[in-house]
$ cat final_35.pdb   # PDB, C-alpha atoms, pLDDT in the B column
ATOM      1  CA  MET A   1      12.642  24.684   9.927  1.00 50.00           C
ATOM      2  CA  SER A   2       9.761  25.573   7.630  1.00 75.00           C
ATOM      3  CA  ALA A   3       6.212  25.798   8.923  1.00 77.00           C
ATOM      4  CA  LEU A   4       5.185  22.714   6.950  1.00 83.00           C
ATOM      5  CA  ALA A   5       8.086  20.656   8.301  1.00 84.00           C
ATOM      6  CA  TYR A   6       7.439  21.766  11.888  1.00 84.00           C
ATOM      7  CA  ASP A   7       3.669  21.252  11.719  1.00 84.00           C
ATOM      8  CA  GLY A   8       4.041  18.018   9.756  1.00 83.00           C
ATOM      9  CA  THR A   9       6.388  16.613  12.411  1.00 89.00           C
ATOM     10  CA  ALA A  10       3.838  17.463  15.108  1.00 86.00           C
ATOM     11  CA  MET A  11       1.083  15.709  13.146  1.00 88.00           C
ATOM     12  CA  LEU A  12       3.403  12.748  12.579  1.00 88.00           C
ATOM     13  CA  GLY A  13       3.792  12.449  16.344  1.00 89.00           C
ATOM     14  CA  ARG A  14       0.014  12.618  16.767  1.00 86.00           C
ATOM     15  CA  GLN A  15      -0.478   9.774  14.303  1.00 86.00           C
ATOM     16  CA  LEU A  16       2.181   7.596  15.943  1.00 87.00           C
ATOM     17  CA  LEU A  17       0.504   8.111  19.330  1.00 87.00           C
ATOM     18  CA  ARG A  18      -2.751   7.102  17.703  1.00 82.00           C
ATOM     19  CA  VAL A  19      -1.149   3.886  16.475  1.00 80.00           C
ATOM     20  CA  ARG A  20       0.356   3.180  19.899  1.00 81.00           C
ATOM     21  CA  ASN A  21      -3.042   3.581  21.540  1.00 80.00           C
ATOM     22  CA  ASN A  22      -4.648   1.094  19.158  1.00 76.00           C
ATOM     23  CA  PRO A  23      -2.285  -1.905  19.255  1.00 75.00           C
ATOM     24  CA  ALA A  24      -4.965  -4.468  18.339  1.00 72.00           C
ATOM     25  CA  LEU A  25      -5.452  -2.897  14.912  1.00 70.00           C
ATOM     26  CA  VAL A  26      -1.705  -2.760  14.328  1.00 72.00           C
ATOM     27  CA  ILE A  27      -1.270  -6.415  15.281  1.00 77.00           C
ATOM     28  CA  LEU A  28      -4.137  -7.447  12.995  1.00 74.00           C
ATOM     29  CA  THR A  29      -2.850  -5.529   9.995  1.00 75.00           C
ATOM     30  CA  GLN A  30       0.705  -6.816  10.480  1.00 76.00           C
ATOM     31  CA  THR A  31      -0.203 -10.481  11.033  1.00 84.00           C
ATOM     32  CA  MET A  32      -2.659 -10.726   8.125  1.00 86.00           C
ATOM     33  CA  PRO A  33       0.068 -10.750   5.407  1.00 88.00           C
ATOM     34  CA  ILE A  34       1.960 -13.437   7.334  1.00 89.00           C
ATOM     35  CA  THR A  35      -1.198 -15.555   7.553  1.00 88.00           C
ATOM     36  CA  MET A  36      -1.792 -15.106   3.828  1.00 88.00           C
ATOM     37  CA  LEU A  37       1.804 -16.078   3.058  1.00 89.00           C
ATOM     38  CA  LEU A  38       1.484 -19.311   4.995  1.00 87.00           C
ATOM     39  CA  PHE A  39      -1.957 -20.124   3.590  1.00 85.00           C
ATOM     40  CA  PHE A  40      -1.332 -19.184  -0.036  1.00 82.00           C
ATOM     41  CA  GLY A  41       2.229 -20.454  -0.012  1.00 79.00           C
ATOM     42  CA  TYR A  42       1.335 -23.951   1.116  1.00 79.00           C
ATOM     43  CA  VAL A  43      -2.224 -24.359  -0.194  1.00 75.00           C
ATOM     44  CA  PHE A  44      -2.071 -22.538  -3.535  1.00 70.00           C
ATOM     45  CA  GLY A  45       1.556 -23.514  -4.014  1.00 64.00           C
ATOM     46  CA  SER A  46       0.625 -27.166  -4.077  1.00 60.00           C
ATOM     47  CA  ALA A  47      -1.948 -26.547  -6.835  1.00 59.00           C
ATOM     48  CA  LEU A  48       0.261 -24.521  -9.212  1.00 65.00           C
ATOM     49  CA  ALA A  49       2.886 -25.642 -11.665  1.00 59.00           C
ATOM     50  CA  MET A  50       5.565 -23.941  -9.567  1.00 64.00           C
ATOM     51  CA  PRO A  51       7.125 -26.054  -6.810  1.00 53.00           C
ATOM     52  CA  GLY A  52       6.178 -24.916  -3.323  1.00 53.00           C
ATOM     53  CA  ALA A  53       9.403 -23.091  -2.410  1.00 66.00           C
ATOM     54  CA  GLU A  54       9.543 -21.423  -5.834  1.00 82.00           C
ATOM     55  CA  TYR A  55       5.968 -20.210  -5.495  1.00 85.00           C
ATOM     56  CA  ARG A  56       6.610 -18.821  -2.009  1.00 87.00           C
ATOM     57  CA  SER A  57       9.566 -16.838  -3.390  1.00 88.00           C
ATOM     58  CA  PHE A  58       7.246 -15.601  -6.136  1.00 90.00           C
ATOM     59  CA  LEU A  59       4.524 -14.783  -3.611  1.00 92.00           C
ATOM     60  CA  VAL A  60       6.491 -12.773  -1.032  1.00 94.00           C
ATOM     61  CA  PRO A  61       6.961  -9.663  -3.242  1.00 95.00           C
ATOM     62  CA  GLY A  62       3.324  -9.878  -4.307  1.00 94.00           C
ATOM     63  CA  LEU A  63       2.087  -9.876  -0.728  1.00 95.00           C
ATOM     64  CA  LEU A  64       4.402  -7.003   0.146  1.00 96.00           C
ATOM     65  CA  VAL A  65       2.845  -4.925  -2.614  1.00 96.00           C
ATOM     66  CA  ALA A  66      -0.702  -6.029  -1.752  1.00 94.00           C
ATOM     67  CA  THR A  67      -0.042  -4.891   1.825  1.00 92.00           C
ATOM     68  CA  ALA A  68       1.320  -1.574   0.567  1.00 94.00           C
ATOM     69  CA  ALA A  69      -1.846  -1.070  -1.486  1.00 93.00           C
ATOM     70  CA  ASN A  70      -3.834  -1.412   1.744  1.00 89.00           C
ATOM     71  CA  GLY A  71      -2.603   2.104   2.457  1.00 89.00           C
ATOM     72  CA  ILE A  72      -5.711   3.141   0.540  1.00 91.00           C
ATOM     73  CA  MET A  73      -7.906   1.420   3.109  1.00 89.00           C
ATOM     74  CA  THR A  74      -6.054   2.589   6.231  1.00 88.00           C
ATOM     75  CA  GLY A  75      -5.679   6.150   4.956  1.00 89.00           C
ATOM     76  CA  MET A  76      -9.353   6.266   4.069  1.00 90.00           C
ATOM     77  CA  PHE A  77     -10.550   4.908   7.398  1.00 87.00           C
ATOM     78  CA  GLN A  78      -8.360   7.148   9.563  1.00 88.00           C
ATOM     79  CA  ALA A  79      -9.245  10.299   7.617  1.00 90.00           C
ATOM     80  CA  ALA A  80     -12.966   9.486   7.690  1.00 88.00           C
ATOM     81  CA  GLN A  81     -12.760   8.714  11.405  1.00 87.00           C
ATOM     82  CA  ASP A  82     -11.231  12.130  12.127  1.00 88.00           C
ATOM     83  CA  VAL A  83     -13.917  13.872  10.067  1.00 86.00           C
ATOM     84  CA  HIS A  84     -16.758  11.891  11.632  1.00 82.00           C
ATOM     85  CA  ARG A  85     -15.572  12.571  15.201  1.00 83.00           C
ATOM     86  CA  GLY A  86     -14.980  16.282  14.639  1.00 85.00           C
ATOM     87  CA  VAL A  87     -11.195  16.081  14.997  1.00 85.00           C
ATOM     88  CA  THR A  88     -10.623  17.442  11.493  1.00 84.00           C
ATOM     89  CA  ASP A  89     -12.795  20.502  12.184  1.00 84.00           C
ATOM     90  CA  ARG A  90     -10.786  21.266  15.320  1.00 86.00           C
ATOM     91  CA  LEU A  91      -7.496  20.862  13.459  1.00 85.00           C
ATOM     92  CA  ARG A  92      -8.722  23.269  10.781  1.00 83.00           C
ATOM     93  CA  THR A  93      -9.053  25.996  13.421  1.00 84.00           C
ATOM     94  CA  LEU A  94      -5.365  25.749  14.393  1.00 82.00           C
ATOM     95  CA  PRO A  95      -2.780  28.087  12.844  1.00 84.00           C
ATOM     96  CA  ILE A  96      -0.944  25.271  11.045  1.00 85.00           C
ATOM     97  CA  SER A  97      -0.167  24.457   7.444  1.00 86.00           C
ATOM     98  CA  ARG A  98      -3.194  22.826   5.840  1.00 84.00           C
ATOM     99  CA  ALA A  99      -0.886  20.216   4.286  1.00 90.00           C
ATOM    100  CA  ALA A 100       0.563  19.207   7.670  1.00 90.00           C
ATOM    101  CA  VAL A 101      -2.240  16.903   8.807  1.00 91.00           C
ATOM    102  CA  PRO A 102      -2.464  14.670   5.714  1.00 93.00           C
ATOM    103  CA  LEU A 103       1.320  14.729   5.336  1.00 93.00           C
ATOM    104  CA  GLY A 104       1.795  13.628   8.950  1.00 93.00           C
ATOM    105  CA  GLN A 105      -0.733  10.830   8.477  1.00 92.00           C
ATOM    106  CA  ALA A 106       0.948   9.596   5.297  1.00 94.00           C
ATOM    107  CA  ALA A 107       4.437   9.744   6.828  1.00 94.00           C
ATOM    108  CA  ALA A 108       3.338   7.888   9.981  1.00 92.00           C
ATOM    109  CA  ASP A 109       1.705   5.197   7.862  1.00 92.00           C
ATOM    110  CA  VAL A 110       4.971   4.651   5.991  1.00 94.00           C
ATOM    111  CA  LEU A 111       6.915   4.303   9.261  1.00 92.00           C
ATOM    112  CA  VAL A 112       4.433   1.762  10.635  1.00 91.00           C
ATOM    113  CA  THR A 113       4.559  -0.151   7.345  1.00 92.00           C
ATOM    114  CA  ALA A 114       8.358  -0.204   7.410  1.00 92.00           C
ATOM    115  CA  ALA A 115       8.334  -1.651  10.935  1.00 90.00           C
ATOM    116  CA  GLY A 116       5.719  -4.239   9.980  1.00 89.00           C
ATOM    117  CA  THR A 117       7.705  -5.339   6.917  1.00 92.00           C
ATOM    118  CA  VAL A 118      10.518  -6.718   9.079  1.00 92.00           C
ATOM    119  CA  PRO A 119       8.626  -9.645  10.719  1.00 92.00           C
ATOM    120  CA  PHE A 120       6.978 -10.466   7.392  1.00 93.00           C
ATOM    121  CA  LEU A 121      10.347 -10.751   5.652  1.00 94.00           C
ATOM    122  CA  LEU A 122      11.686 -12.893   8.502  1.00 94.00           C
ATOM    123  CA  VAL A 123       8.780 -15.313   8.042  1.00 93.00           C
ATOM    124  CA  GLY A 124       9.438 -15.198   4.296  1.00 92.00           C
ATOM    125  CA  LEU A 125      13.034 -16.258   4.913  1.00 93.00           C
ATOM    126  CA  ALA A 126      11.789 -19.071   7.150  1.00 91.00           C
ATOM    127  CA  VAL A 127       9.558 -20.496   4.401  1.00 89.00           C
ATOM    128  CA  GLY A 128      12.203 -20.375   1.680  1.00 87.00           C
ATOM    129  CA  TRP A 129      12.223 -16.862   0.236  1.00 92.00           C
ATOM    130  CA  ARG A 130      15.668 -15.437  -0.449  1.00 92.00           C
ATOM    131  CA  VAL A 131      17.198 -12.238  -1.792  1.00 93.00           C
ATOM    132  CA  ASP A 132      19.010 -13.542  -4.853  1.00 91.00           C
ATOM    133  CA  GLY A 133      19.918 -10.099  -6.185  1.00 88.00           C
ATOM    134  CA  SER A 134      22.355  -7.487  -4.922  1.00 92.00           C
ATOM    135  CA  ALA A 135      22.139  -5.622  -1.635  1.00 93.00           C
ATOM    136  CA  ALA A 136      21.624  -2.377  -3.567  1.00 95.00           C
ATOM    137  CA  GLY A 137      18.766  -3.983  -5.490  1.00 95.00           C
ATOM    138  CA  ALA A 138      17.138  -5.185  -2.265  1.00 95.00           C
ATOM    139  CA  ALA A 139      17.434  -1.718  -0.709  1.00 96.00           C
ATOM    140  CA  GLY A 140      15.905  -0.241  -3.844  1.00 97.00           C
ATOM    141  CA  ALA A 141      13.038  -2.728  -3.632  1.00 97.00           C
ATOM    142  CA  VAL A 142      12.239  -1.723  -0.046  1.00 96.00           C
ATOM    143  CA  GLY A 143      12.443   1.959  -0.930  1.00 97.00           C
ATOM    144  CA  LEU A 144      10.124   1.481  -3.892  1.00 97.00           C
ATOM    145  CA  LEU A 145       7.684  -0.466  -1.721  1.00 97.00           C
ATOM    146  CA  LEU A 146       7.512   2.337   0.867  1.00 97.00           C
ATOM    147  CA  LEU A 147       7.124   4.961  -1.859  1.00 97.00           C
ATOM    148  CA  PHE A 148       4.164   3.019  -3.257  1.00 98.00           C
ATOM    149  CA  ARG A 149       2.625   2.799   0.220  1.00 96.00           C
ATOM    150  CA  PHE A 150       3.078   6.558   0.605  1.00 97.00           C
ATOM    151  CA  ALA A 151       1.329   7.168  -2.728  1.00 97.00           C
ATOM    152  CA  CYS A 152      -1.555   4.813  -1.890  1.00 96.00           C
ATOM    153  CA  THR A 153      -2.053   6.456   1.493  1.00 96.00           C
ATOM    154  CA  TRP A 154      -2.572   9.849  -0.149  1.00 96.00           C
ATOM    155  CA  ALA A 155      -5.305   8.316  -2.304  1.00 95.00           C
ATOM    156  CA  GLY A 156      -6.921   6.856   0.803  1.00 93.00           C
ATOM    157  CA  ILE A 157      -6.754  10.132   2.737  1.00 94.00           C
ATOM    158  CA  PHE A 158      -8.556  11.995  -0.043  1.00 94.00           C
ATOM    159  CA  LEU A 159     -11.251   9.323  -0.347  1.00 91.00           C
ATOM    160  CA  GLY A 160     -11.697   9.293   3.438  1.00 90.00           C
ATOM    161  CA  LEU A 161     -12.110  13.063   3.570  1.00 90.00           C
ATOM    162  CA  LEU A 162     -14.555  12.773   0.697  1.00 88.00           C
ATOM    163  CA  SER A 163     -16.670  10.023   2.295  1.00 82.00           C
ATOM    164  CA  ARG A 164     -16.821  11.718   5.760  1.00 67.00           C
ATOM    165  CA  SER A 165     -18.241   8.497   7.247  1.00 71.00           C
ATOM    166  CA  GLU A 166     -16.420   5.667   9.023  1.00 72.00           C
ATOM    167  CA  GLU A 167     -18.982   3.148   7.783  1.00 71.00           C
ATOM    168  CA  ALA A 168     -18.755   4.269   4.169  1.00 70.00           C
ATOM    169  CA  ALA A 169     -14.957   4.342   4.334  1.00 70.00           C
ATOM    170  CA  GLY A 170     -14.882   0.844   5.790  1.00 69.00           C
ATOM    171  CA  GLN A 171     -17.142  -0.553   3.089  1.00 70.00           C
ATOM    172  CA  LEU A 172     -15.334   1.216   0.269  1.00 72.00           C
ATOM    173  CA  GLY A 173     -11.941   0.332   1.695  1.00 67.00           C
ATOM    174  CA  SER A 174     -12.794  -3.362   1.866  1.00 70.00           C
ATOM    175  CA  ALA A 175     -13.284  -3.293  -1.907  1.00 71.00           C
ATOM    176  CA  THR A 176      -9.537  -2.724  -2.324  1.00 78.00           C
ATOM    177  CA  PHE A 177      -8.970  -6.455  -1.779  1.00 80.00           C
ATOM    178  CA  MET A 178      -9.883  -6.839  -5.464  1.00 85.00           C
ATOM    179  CA  LEU A 179      -6.819  -4.897  -6.622  1.00 89.00           C
ATOM    180  CA  PRO A 180      -4.264  -7.699  -5.981  1.00 91.00           C
ATOM    181  CA  LEU A 181      -6.598 -10.254  -7.584  1.00 89.00           C
ATOM    182  CA  LEU A 182      -6.490  -8.270 -10.833  1.00 91.00           C
ATOM    183  CA  SER A 183      -2.698  -8.178 -10.886  1.00 93.00           C
ATOM    184  CA  ASN A 184       0.284 -10.533 -10.931  1.00 93.00           C
ATOM    185  CA  ALA A 185       0.680 -10.366  -7.142  1.00 92.00           C
ATOM    186  CA  TYR A 186      -0.506 -13.944  -6.533  1.00 90.00           C
ATOM    187  CA  ILE A 187      -0.212 -15.728  -9.873  1.00 86.00           C
ATOM    188  CA  PRO A 188       1.688 -15.249 -13.150  1.00 87.00           C
ATOM    189  CA  THR A 189      -0.431 -13.544 -15.799  1.00 87.00           C
ATOM    190  CA  ASP A 190       1.242 -15.149 -18.828  1.00 84.00           C
ATOM    191  CA  ASN A 191      -1.613 -17.571 -19.484  1.00 79.00           C
ATOM    192  CA  LEU A 192      -4.492 -15.141 -18.915  1.00 83.00           C
ATOM    193  CA  PRO A 193      -6.729 -14.173 -21.853  1.00 86.00           C
ATOM    194  CA  GLY A 194      -5.307 -11.229 -23.791  1.00 83.00           C
ATOM    195  CA  TRP A 195      -7.750  -8.599 -22.533  1.00 88.00           C
ATOM    196  CA  LEU A 196      -7.458  -9.756 -18.937  1.00 90.00           C
ATOM    197  CA  ARG A 197      -3.663  -9.804 -19.052  1.00 92.00           C
ATOM    198  CA  THR A 198      -3.671  -6.254 -20.436  1.00 92.00           C
ATOM    199  CA  LEU A 199      -5.929  -5.174 -17.582  1.00 93.00           C
ATOM    200  CA  ALA A 200      -3.650  -6.868 -15.036  1.00 93.00           C
ATOM    201  CA  ASP A 201      -0.482  -5.418 -16.586  1.00 94.00           C
ATOM    202  CA  TRP A 202      -1.840  -1.860 -16.336  1.00 96.00           C
ATOM    203  CA  ASN A 203      -2.749  -2.377 -12.681  1.00 96.00           C
ATOM    204  CA  PRO A 204      -0.153  -0.379 -10.687  1.00 96.00           C
ATOM    205  CA  LEU A 205       0.316  -3.363  -8.356  1.00 97.00           C
ATOM    206  CA  SER A 206       1.629  -5.478 -11.249  1.00 96.00           C
ATOM    207  CA  ALA A 207       4.398  -3.008 -12.095  1.00 97.00           C
ATOM    208  CA  VAL A 208       5.506  -2.655  -8.472  1.00 98.00           C
ATOM    209  CA  THR A 209       5.333  -6.415  -7.859  1.00 97.00           C
ATOM    210  CA  THR A 210       7.406  -7.136 -10.969  1.00 96.00           C
ATOM    211  CA  ALA A 211       9.926  -4.476  -9.922  1.00 97.00           C
ATOM    212  CA  LEU A 212      10.324  -6.060  -6.485  1.00 97.00           C
ATOM    213  CA  ARG A 213      10.739  -9.540  -7.943  1.00 96.00           C
ATOM    214  CA  ASP A 214      13.365  -8.222 -10.337  1.00 95.00           C
ATOM    215  CA  LEU A 215      15.248  -6.210  -7.694  1.00 96.00           C
ATOM    216  CA  PHE A 216      15.155  -9.051  -5.166  1.00 96.00           C
ATOM    217  CA  GLY A 217      16.224 -11.489  -7.896  1.00 92.00           C
ATOM    218  CA  ASN A 218      13.177 -13.713  -7.365  1.00 91.00           C
ATOM    219  CA  ALA A 219      11.779 -13.801 -10.921  1.00 87.00           C
ATOM    220  CA  PRO A 220      12.649 -12.306 -14.316  1.00 88.00           C
ATOM    221  CA  VAL A 221      10.590  -9.628 -16.025  1.00 90.00           C
ATOM    222  CA  PRO A 222       7.887 -11.446 -18.063  1.00 89.00           C
ATOM    223  CA  GLU A 223       8.015 -11.227 -21.831  1.00 85.00           C
ATOM    224  CA  GLY A 224       5.266  -9.693 -23.924  1.00 85.00           C
ATOM    225  CA  ALA A 225       3.861  -7.603 -21.083  1.00 88.00           C
ATOM    226  CA  ALA A 226       2.518  -4.054 -21.284  1.00 92.00           C
ATOM    227  CA  TRP A 227       4.990  -1.181 -20.823  1.00 95.00           C
ATOM    228  CA  PRO A 228       4.650  -0.730 -17.006  1.00 95.00           C
ATOM    229  CA  VAL A 229       5.472  -4.410 -16.417  1.00 95.00           C
ATOM    230  CA  ALA A 230       8.048  -4.681 -19.211  1.00 95.00           C
ATOM    231  CA  HIS A 231       9.899  -1.719 -17.596  1.00 96.00           C
ATOM    232  CA  PRO A 232       8.877  -2.344 -13.979  1.00 97.00           C
ATOM    233  CA  VAL A 233      11.068   0.129 -12.078  1.00 97.00           C
ATOM    234  CA  ALA A 234      10.272   3.011 -14.426  1.00 97.00           C
ATOM    235  CA  GLY A 235       6.629   1.955 -14.528  1.00 97.00           C
ATOM    236  CA  SER A 236       6.419   1.806 -10.732  1.00 97.00           C
ATOM    237  CA  LEU A 237       7.989   5.229 -10.304  1.00 98.00           C
ATOM    238  CA  ALA A 238       5.604   6.612 -12.920  1.00 98.00           C
ATOM    239  CA  TRP A 239       2.553   5.168 -11.138  1.00 98.00           C
ATOM    240  CA  CYS A 240       3.756   6.534  -7.778  1.00 98.00           C
ATOM    241  CA  ALA A 241       4.336   9.960  -9.299  1.00 98.00           C
ATOM    242  CA  VAL A 242       0.867   9.969 -10.848  1.00 98.00           C
ATOM    243  CA  LEU A 243      -0.852   8.905  -7.605  1.00 97.00           C
ATOM    244  CA  ILE A 244       0.954  11.518  -5.525  1.00 97.00           C
ATOM    245  CA  ALA A 245       0.538  14.272  -8.120  1.00 97.00           C
ATOM    246  CA  VAL A 246      -3.202  13.625  -8.336  1.00 97.00           C
ATOM    247  CA  PHE A 247      -4.232  12.781  -4.784  1.00 97.00           C
ATOM    248  CA  ALA A 248      -1.852  14.830  -2.592  1.00 96.00           C
ATOM    249  CA  PRO A 249      -3.160  18.221  -3.846  1.00 95.00           C
ATOM    250  CA  LEU A 250      -6.739  16.940  -3.729  1.00 95.00           C
ATOM    251  CA  ALA A 251      -6.312  15.724  -0.136  1.00 94.00           C
ATOM    252  CA  VAL A 252      -4.692  18.996   0.984  1.00 93.00           C
ATOM    253  CA  ARG A 253      -7.398  21.052  -0.709  1.00 92.00           C
ATOM    254  CA  ARG A 254     -10.165  18.891   0.750  1.00 90.00           C
ATOM    255  CA  HIS A 255      -8.684  19.133   4.237  1.00 87.00           C
ATOM    256  CA  GLY A 256      -8.371  22.890   4.042  1.00 79.00           C
ATOM    257  CA  HIS A 257     -11.718  23.484   2.348  1.00 73.00           C
ATOM    258  CA  PRO A 258     -14.289  20.806   3.270  1.00 65.00           C
ATOM    259  CA  GLY A 259     -16.731  22.056   0.662  1.00 55.00           C
ATOM    260  CA  ALA A 260     -14.196  21.869  -2.162  1.00 54.00           C
TER     261      ALA A 260
END
$ encode --input "final_35.pdb" --output "structure tokens"
Amino acid sequence: MSALAYDGTAMLGRQLLRVRNNPALVILTQTMPITMLLFFGYVFGSALAMPGAEYRSFLVPGLLVATAANGIMTGMFQAAQDVHRGVTDRLRTLPISRAAVPLGQAAADVLVTAAGTVPFLLVGLAVGWRVDGSAAGAAGAVGLLLLFRFACTWAGIFLGLLSRSEEAAGQLGSATFMLPLLSNAYIPTDNLPGWLRTLADWNPLSAVTTALRDLFGNAPVPEGAAWPVAHPVAGSLAWCAVLIAVFAPLAVRRHGHPGA
């Protein structure tokens, strides 16, 4: 086993223990999407042109992606917390791969997200959401969702190491709630003004949301959209590749060299 794999597995275990010792935060983050599904699905659904059950089927993939994007916030807060409390400085003194700590954090976040997706999907089934596509398509949708969460977590880790403050990370992380609002996660973007629809279509969340709806068989790919939404699977993979390629090296460098 390589040094990175061995050290990364150890850091993965550390992060999972951290999650186990903070169950209140886990419960809050896992129940929030369910609350939003019930609230948006029955309140907003009654005000839109879509019938209620149709809107809830439209909404479930959007909330899954919005939750995945929260990897920015959780990654940022946990990294900033470690820096602020001196844990990161102690880890830097250990003879381990400098990529192991952020990699372990990102991998643990994906595992926790995967576990939390199960009760959300069960509630989705209870309120009328169904997988109308193939089993292979549904598996691909889940895999794409977790890949997007992994990519977002790397962005959050770098920003958390950069901020070095729990308070600053919390305030900056709370601003991520705007990302789903500027996408097609909650509403169709067909009737938006041209400039606003272009902005929404180039939001990474829109491509991933459209890909999930297409793979689950919940809604067709919209016509006249920008390239990432018109080709949602390719667009989603491209966005994930860009996020990881940019933020993973930055996070590793920042962890290894705090002054970088």
$ atom_distance --input "final_35.pdb" --atom1 "atom CA of Leu125 of chain A" --atom2 "atom CA of Ala141 of chain A"
16.0 Å
$ resolve_selection --input "final_35.pdb" --expression "the PyMOL selection byres ((chain A and resi 33) around 9)" --output "ChimeraX atom specification"
/A:29-32,34-38,63-64,66-67,120
$ atom_distance --input "final_35.pdb" --atom1 "atom CA of Val208 of chain A" --atom2 "atom CA of Leu12 of chain A"
26.2 Å
$ resolve_selection --input "final_35.pdb" --expression "the PyMOL selection byres ((chain A and resi 14) around 12)" --output "short mmCIF file (atom, residue, chain, number, x, y, z; two decimals) with C-alpha atoms, in the coordinates of the input"
data_model
loop_
_atom_site.label_atom_id
_atom_site.label_comp_id
_atom_site.auth_asym_id
_atom_site.auth_seq_id
_atom_site.Cartn_x
_atom_site.Cartn_y
_atom_site.Cartn_z
CA ASP A 7 3.67 21.25 11.72
CA GLY A 8 4.04 18.02 9.76
CA THR A 9 6.39 16.61 12.41
CA ALA A 10 3.84 17.46 15.11
CA MET A 11 1.08 15.71 13.15
CA LEU A 12 3.40 12.75 12.58
CA GLY A 13 3.79 12.45 16.34
CA GLN A 15 -0.48 9.77 14.30
CA LEU A 16 2.18 7.60 15.94
CA LEU A 17 0.50 8.11 19.33
CA ARG A 18 -2.75 7.10 17.70
CA VAL A 19 -1.15 3.89 16.48
CA ARG A 20 0.36 3.18 19.90
CA ASN A 21 -3.04 3.58 21.54
CA VAL A 87 -11.20 16.08 15.00
CA LEU A 91 -7.50 20.86 13.46
CA ALA A 100 0.56 19.21 7.67
CA VAL A 101 -2.24 16.90 8.81
CA PRO A 102 -2.46 14.67 5.71
CA LEU A 103 1.32 14.73 5.34
CA GLY A 104 1.80 13.63 8.95
CA GLN A 105 -0.73 10.83 8.48
CA ALA A 106 0.95 9.60 5.30
CA ALA A 107 4.44 9.74 6.83
CA ALA A 108 3.34 7.89 9.98
CA ASP A 109 1.70 5.20 7.86
#
$ residues_near_point --input "final_35.pdb" --point "(6.4, 8.5, -12.2)" --cutoff "12 Å" --atoms "only C-alpha atoms" --output "list in words"
Leu144, Leu147, Phe148, Ala151, Pro204, Ala207, Val208, Pro228, Pro232, Val233, Ala234, Gly235, Ser236, Leu237, Ala238, Trp239, Cys240, Ala241, Val242, Leu243, Ile244, Ala245 and Val246 of chain A
$ closest_residue --input "final_35.pdb" --among "A:Leu181, A:Leu212, A:Val229, A:Leu250" --to "Gly137 of chain A" --atoms "only C-alpha atoms"
A:Leu212
$ closest_residue --input "final_35.pdb" --among "A:Ser97, A:Gln78, A:Ala68, A:His84" --to "Tyr6 of chain A" --atoms "all atoms listed in the file"
A:Ser97
$ residues_near_point --input "final_35.pdb" --point "(-7.4, -8.9, -15.5)" --cutoff "12 Å" --atoms "all atoms listed in the file" --output "count of residues only"
27
$ atom_distance --input "final_35.pdb" --atom1 "atom CA of Thr209 of chain A" --atom2 "atom CA of Asn70 of chain A"
14.2 Å
$ closest_residue --input "final_35.pdb" --among "A:Leu215, A:Ile96, A:Val26, A:Ser57" --to "Ser2 of chain A" --atoms "only C-alpha atoms"
A:Ile96
$ resolve_selection --input "final_35.pdb" --expression "the PyMOL selection byres ((chain A and resi 79) around 12)" --output "count of residues only"
47
$ closest_residue --input "final_35.pdb" --among "A:Pro23, A:Pro95, A:Gly62, A:Gly41" --to "Asp214 of chain A" --atoms "only C-alpha atoms"
A:Gly62
$ residues_around --input "final_35.pdb" --residues "Val110 of chain A" --least-positions-apart "6" --cutoff "7 Å" --atoms "all atoms listed in the file" --output "list of chain:residue names"
A:Leu146, A:Arg149, A:Phe150
$ residues_around --input "final_35.pdb" --residues "Asn218 of chain A" --least-positions-apart "6" --cutoff "9 Å" --atoms "all atoms listed in the file" --output "list in words"
Glu54, Ser57, Phe58, Pro61, Trp129, Arg130, Val131, Asp132, Gly133 and Leu212 of chain A
$ build_atoms --input "final_35.pdb" --residues "segment 137-143 of chain A" --atoms "N, CA, C and O atoms" --output "compact mmCIF listing (two decimals), in the frame of the given file"
# COMPACT_ATOMS: atom_id res chain seq x y z
N GLY A 137 20.08 -3.68 -4.91
CA GLY A 137 18.77 -3.98 -5.49
C GLY A 137 17.72 -4.21 -4.42
O GLY A 137 16.58 -3.74 -4.54
N ALA A 138 18.08 -4.93 -3.36
CA ALA A 138 17.14 -5.18 -2.26
C ALA A 138 16.75 -3.89 -1.56
O ALA A 138 15.58 -3.67 -1.23
N ALA A 139 17.73 -3.01 -1.33
CA ALA A 139 17.43 -1.72 -0.71
C ALA A 139 16.52 -0.89 -1.61
O ALA A 139 15.59 -0.22 -1.13
N GLY A 140 16.77 -0.94 -2.91
CA GLY A 140 15.90 -0.24 -3.84
C GLY A 140 14.50 -0.79 -3.83
O GLY A 140 13.52 -0.02 -3.95
N ALA A 141 14.36 -2.11 -3.68
CA ALA A 141 13.04 -2.73 -3.63
C ALA A 141 12.26 -2.24 -2.41
O ALA A 141 11.07 -1.91 -2.51
N VAL A 142 12.91 -2.19 -1.26
CA VAL A 142 12.24 -1.72 -0.05
C VAL A 142 11.85 -0.25 -0.18
O VAL A 142 10.75 0.16 0.20
N GLY A 143 12.75 0.55 -0.73
CA GLY A 143 12.44 1.96 -0.93
C GLY A 143 11.27 2.16 -1.87
O GLY A 143 10.39 3.00 -1.62
